[in-house]
Amino acid sequence: MLELIYYKNHIKREVDMCGIVGYVGEKSALDILLEGLTNLEYRGYDSAGIAVNVDGKVELYKAEGKLQNLKDLTSEQREHIIRSKIGIGHIRWATHGAPTTINAHPHSCNCGRVAVVHNGIIENYKELRAKLEKEGCVFRSQTDTETVAHLVAKKYAETKDLTEAVRLATMEIEGAYALAVIHQDVKNTIVATRRNAPLLVGIGEGEFYIASDVPAIIQYTKTAMYLDDNQIVTLTPKTMKLIDINNNELPQKIETLPWEPVALSKMGYKHFMLKEIHEQPDVVRNVLGGKLRTIDENIILNEVTLNKDSLKHLGRIQIVACGTSLHAAMVGKYIIEELCGIAVDVEPSSEYIYRTTVGDEKTLVIGVSQSGETADTITAVRQAKARGSHILIITNRPDSTMAREAGSLVPVNAGIEVSVAATKSYMAQVISFYLLAIYIAEIKQSASKDELQKIKRELILLPQKLEKVLSHKEDVQSCARKFSNSKDFIFIARGINFPTALEGALKLKEISYINATGYTAGELKHGPIAMLDESMPVLAILMKGKVYDKILSNAEEARARNARMIALTNSEDSKLNELFESIIRIPDVDETLSPVLAIVPLQLLAYYIAEFLGKDVDQPRNLAKSVTVE
Ligand code: AGP
């Protein structure tokens, strides 16, 4: 049988993570698939593809690069493709080798009757491939996913039942996957399954959707069913059947999604990142809402299920996270140690999982993740859980894998974050740490009432102060204009704002590709100072408080080496004008709360520099929003 594949470019390559969508119903599938992929583009944008069934034939359309290339490709044959009322689609973030069209999903088998999209990694694909090749399967790509297509085709030839074919195939594959499969001989049917990769079914009237994540379907339906590991769902326009891997029929847990389609609109902003930066005052209000009522009342964190006695006697806390969430965790460490007197270790999840870590039932392990799907963090918390530690998850996605495994779940309520560069979710995570620290301190009575009331008072004032920062962006814009041609950037800070320096540098790296590094200001003289000359901008985060004078001295040392000095400060000190070429001022704020205000100008600085440089702000190269591979 002829396999109909329309390629935009050719070459080859390997496995990936990505996002998948699917539709079966009475409507034309094309626009639903493309729209769904558009809303999943934050998960990857190395290539995209769809499989449809037009007049009884499975057809694949794939294109390398941004989704727009697939849109262009399909628009050339739009009148033909829109006849299909079923389809599956895929957006890819490549993990090994170059991303190309031939390796784009969907993948098919020898006869071209099967189409498969996959998010995850099939770990035993080499063995499976060798076996299938011996049996006559001809592979076109270097992907792990193609083995699934051949395997399903083979099982279907034996059983003449697509659900059974997928079930038998999943019994042979190892690794992580969310899979969606269609077959030319099985009309109007999608079979989907998952193991350690997210997948949900959207339920409409006489139609079903599948997706890796809510944004792909929320504009069509709020009624959905999340699949658990090793469950297999078979969808036709009017029926949904759910089984487990042993072929037992399962009850369907249908729920209403807590999201609104408006979250996916840019609301007049040029980029999602800019919109999300501006949402931060409301994000803080949301996170505080119901938890911090007045400064006289204790923090209410019903989500923490660990009993008060265990909290009082915690031996230590370990926090695991990646990227921006790791920086929020570092702020958390400062506050918890300061207010609760408990030793806190913060570690990148990817390190935590490959060394001997010590923990027990007196260790609280906190996983922080915007997406709740970051593979390294999932593995880290699973390891800690196996050692008997209580697991507390701080996440923006209460519907995520991590949330579902949590002992205590603190949802951060930032709303869907679309831009790959995290901003408002960082804000929400940091605020959640303040609440958690005060909550524990109130139980342990480890900080004075006055101190806690002072912090609560400041927390309540933060949204207004953030609005002030956002309404005075001129300093940041002019600074961005001045320094947008810099090849390197250094951020220095001390104490609780060291994570702010790291996060500011990460934002700049991510979206402008400028080599930016955050240092503790005291470390500068131990090596990095050698890099300073008249071409190097050094941004000092200079917040009034314990370490103000120390950072000022470090800034003077840098100025003496001719570095171009920028201050981010809440000080009105006129002396700063002599030392700094540019000054970005923020409202006065207590040092303990200063990371909340200080990060916003740094997010904006990264944004405006990337804008000046004409970079793709919301979809920076080589990145994906949720990294679901280790
Ligand atoms: C943030 O701007 C990054 N895109 C990235 O570092 C991110 O924070 C990291 O991948 C962790 O993701 P998570 O919070 O969803 O676990």
# chains A, B, ... in the order shown; residues from 1 in each chain; ligands from 1

$ residues_around --residues "stretch 33-38 of chain A" --least-positions-apart "4" --cutoff "7 Å" --atoms "only C-alpha atoms" --output "VMD selection string"
chain A and resid 21 to 22 29 88 to 91 216 to 217

$ residues_around --residues "A:Leu288" --least-positions-apart "3" --cutoff "9 Å" --atoms "only C-alpha atoms" --output "list in words"
Val283, Val284, Arg285, Lys291, Leu292, Arg293, Ile431, Ser432, Leu435, Leu459 and Ile460 of chain A

$ residues_around --residues "stretch 544-549 of chain A" --least-positions-apart "4" --cutoff "8 Å" --atoms "only C-alpha atoms" --output "list of chain:residue names"
A:Arg494, A:Gly495, A:Ser553, A:Thr569, A:Asn570, A:Ser571, A:Asp590, A:Glu591

$ write_last_selection --atoms "C-alpha atoms" --output "mmCIF file, in the first residue's frame"
data_model
loop_
_atom_site.group_PDB
_atom_site.id
_atom_site.type_symbol
_atom_site.label_atom_id
_atom_site.label_comp_id
_atom_site.auth_asym_id
_atom_site.auth_seq_id
_atom_site.Cartn_x
_atom_site.Cartn_y
_atom_site.Cartn_z
ATOM 1 C CA ARG A 494 23.982 39.077 48.008
ATOM 2 C CA GLY A 495 21.744 37.249 50.425
ATOM 3 C CA SER A 553 31.737 48.120 47.879
ATOM 4 C CA THR A 569 17.794 49.721 43.784
ATOM 5 C CA ASN A 570 15.193 50.937 46.231
ATOM 6 C CA SER A 571 17.614 53.528 47.570
ATOM 7 C CA ASP A 590 11.634 45.500 53.248
ATOM 8 C CA GLU A 591 14.765 43.517 52.382
#

$ closest_residue --among "A:Ala505, A:Leu200, A:Ile299, A:Val52" --to "ligand 1" --atoms "only C-alpha atoms and all ligand atoms"
A:Ala505

$ residues_near_ligand --ligand "ligand 1" --cutoff "8 Å" --atoms "only C-alpha atoms and all ligand atoms" --output "ChimeraX atom specification"
/A:321-326,368-374,377,395,420-423,425,506-507,510,623-627

$ residues_around --residues "A:Gly25" --least-positions-apart "2" --cutoff "10 Å" --atoms "only C-alpha atoms" --output "PDB file with C-alpha atoms, in the first residue's frame"
ATOM      1  CA  TYR A  23      -9.829  14.898  17.200  1.00  0.00           C
ATOM      2  CA  LYS A  27     -16.305  18.616  12.381  1.00  0.00           C
ATOM      3  CA  SER A  28     -13.383  18.952  10.030  1.00  0.00           C
ATOM      4  CA  ALA A  29     -10.276  17.975  12.009  1.00  0.00           C
ATOM      5  CA  SER A  84     -11.176  14.505   7.236  1.00  0.00           C
ATOM      6  CA  LYS A  85     -13.181  14.413  10.460  1.00  0.00           C
ATOM      7  CA  ILE A  86     -10.479  12.587  12.349  1.00  0.00           C
ATOM      8  CA  GLY A  87      -6.847  13.369  12.924  1.00  0.00           C
ATOM      9  CA  ASN A 188     -13.339   7.117  12.921  1.00  0.00           C
ATOM     10  CA  THR A 189     -11.324   5.704  15.784  1.00  0.00           C
ATOM     11  CA  GLY A 204     -17.738  17.306  23.464  1.00  0.00           C
ATOM     12  CA  GLU A 205     -21.150  16.552  21.931  1.00  0.00           C
ATOM     13  CA  GLY A 206     -20.558  13.714  19.497  1.00  0.00           C
ATOM     14  CA  GLU A 207     -16.840  14.398  19.477  1.00  0.00           C
ATOM     15  CA  PHE A 208     -13.668  13.790  21.463  1.00  0.00           C
ATOM     16  CA  TYR A 209     -10.348  15.557  21.660  1.00  0.00           C
ATOM     17  CA  LEU A 235     -12.577   7.047  21.004  1.00  0.00           C
ATOM     18  CA  THR A 236     -15.157   7.192  18.227  1.00  0.00           C
ATOM     19  CA  PRO A 237     -17.451  10.211  17.637  1.00  0.00           C
ATOM     20  CA  LYS A 238     -20.065   8.799  20.007  1.00  0.00           C
TER      21      LYS A 238
END

$ atom_distance --atom1 "atom CA of A:Leu73" --atom2 "atom CA of A:Val54"
16.1 Å

$ residues_around --residues "A:Ile82" --least-positions-apart "3" --cutoff "6 Å" --atoms "only C-alpha atoms" --output "list in words"
Ser28, Leu30, Arg78 and Glu79 of chain A

$ residues_around --residues "A:Pro620" --least-positions-apart "3" --cutoff "6 Å" --atoms "only C-alpha atoms" --output "list of chain:residue names"
A:Ile511, A:Asp616, A:Val617
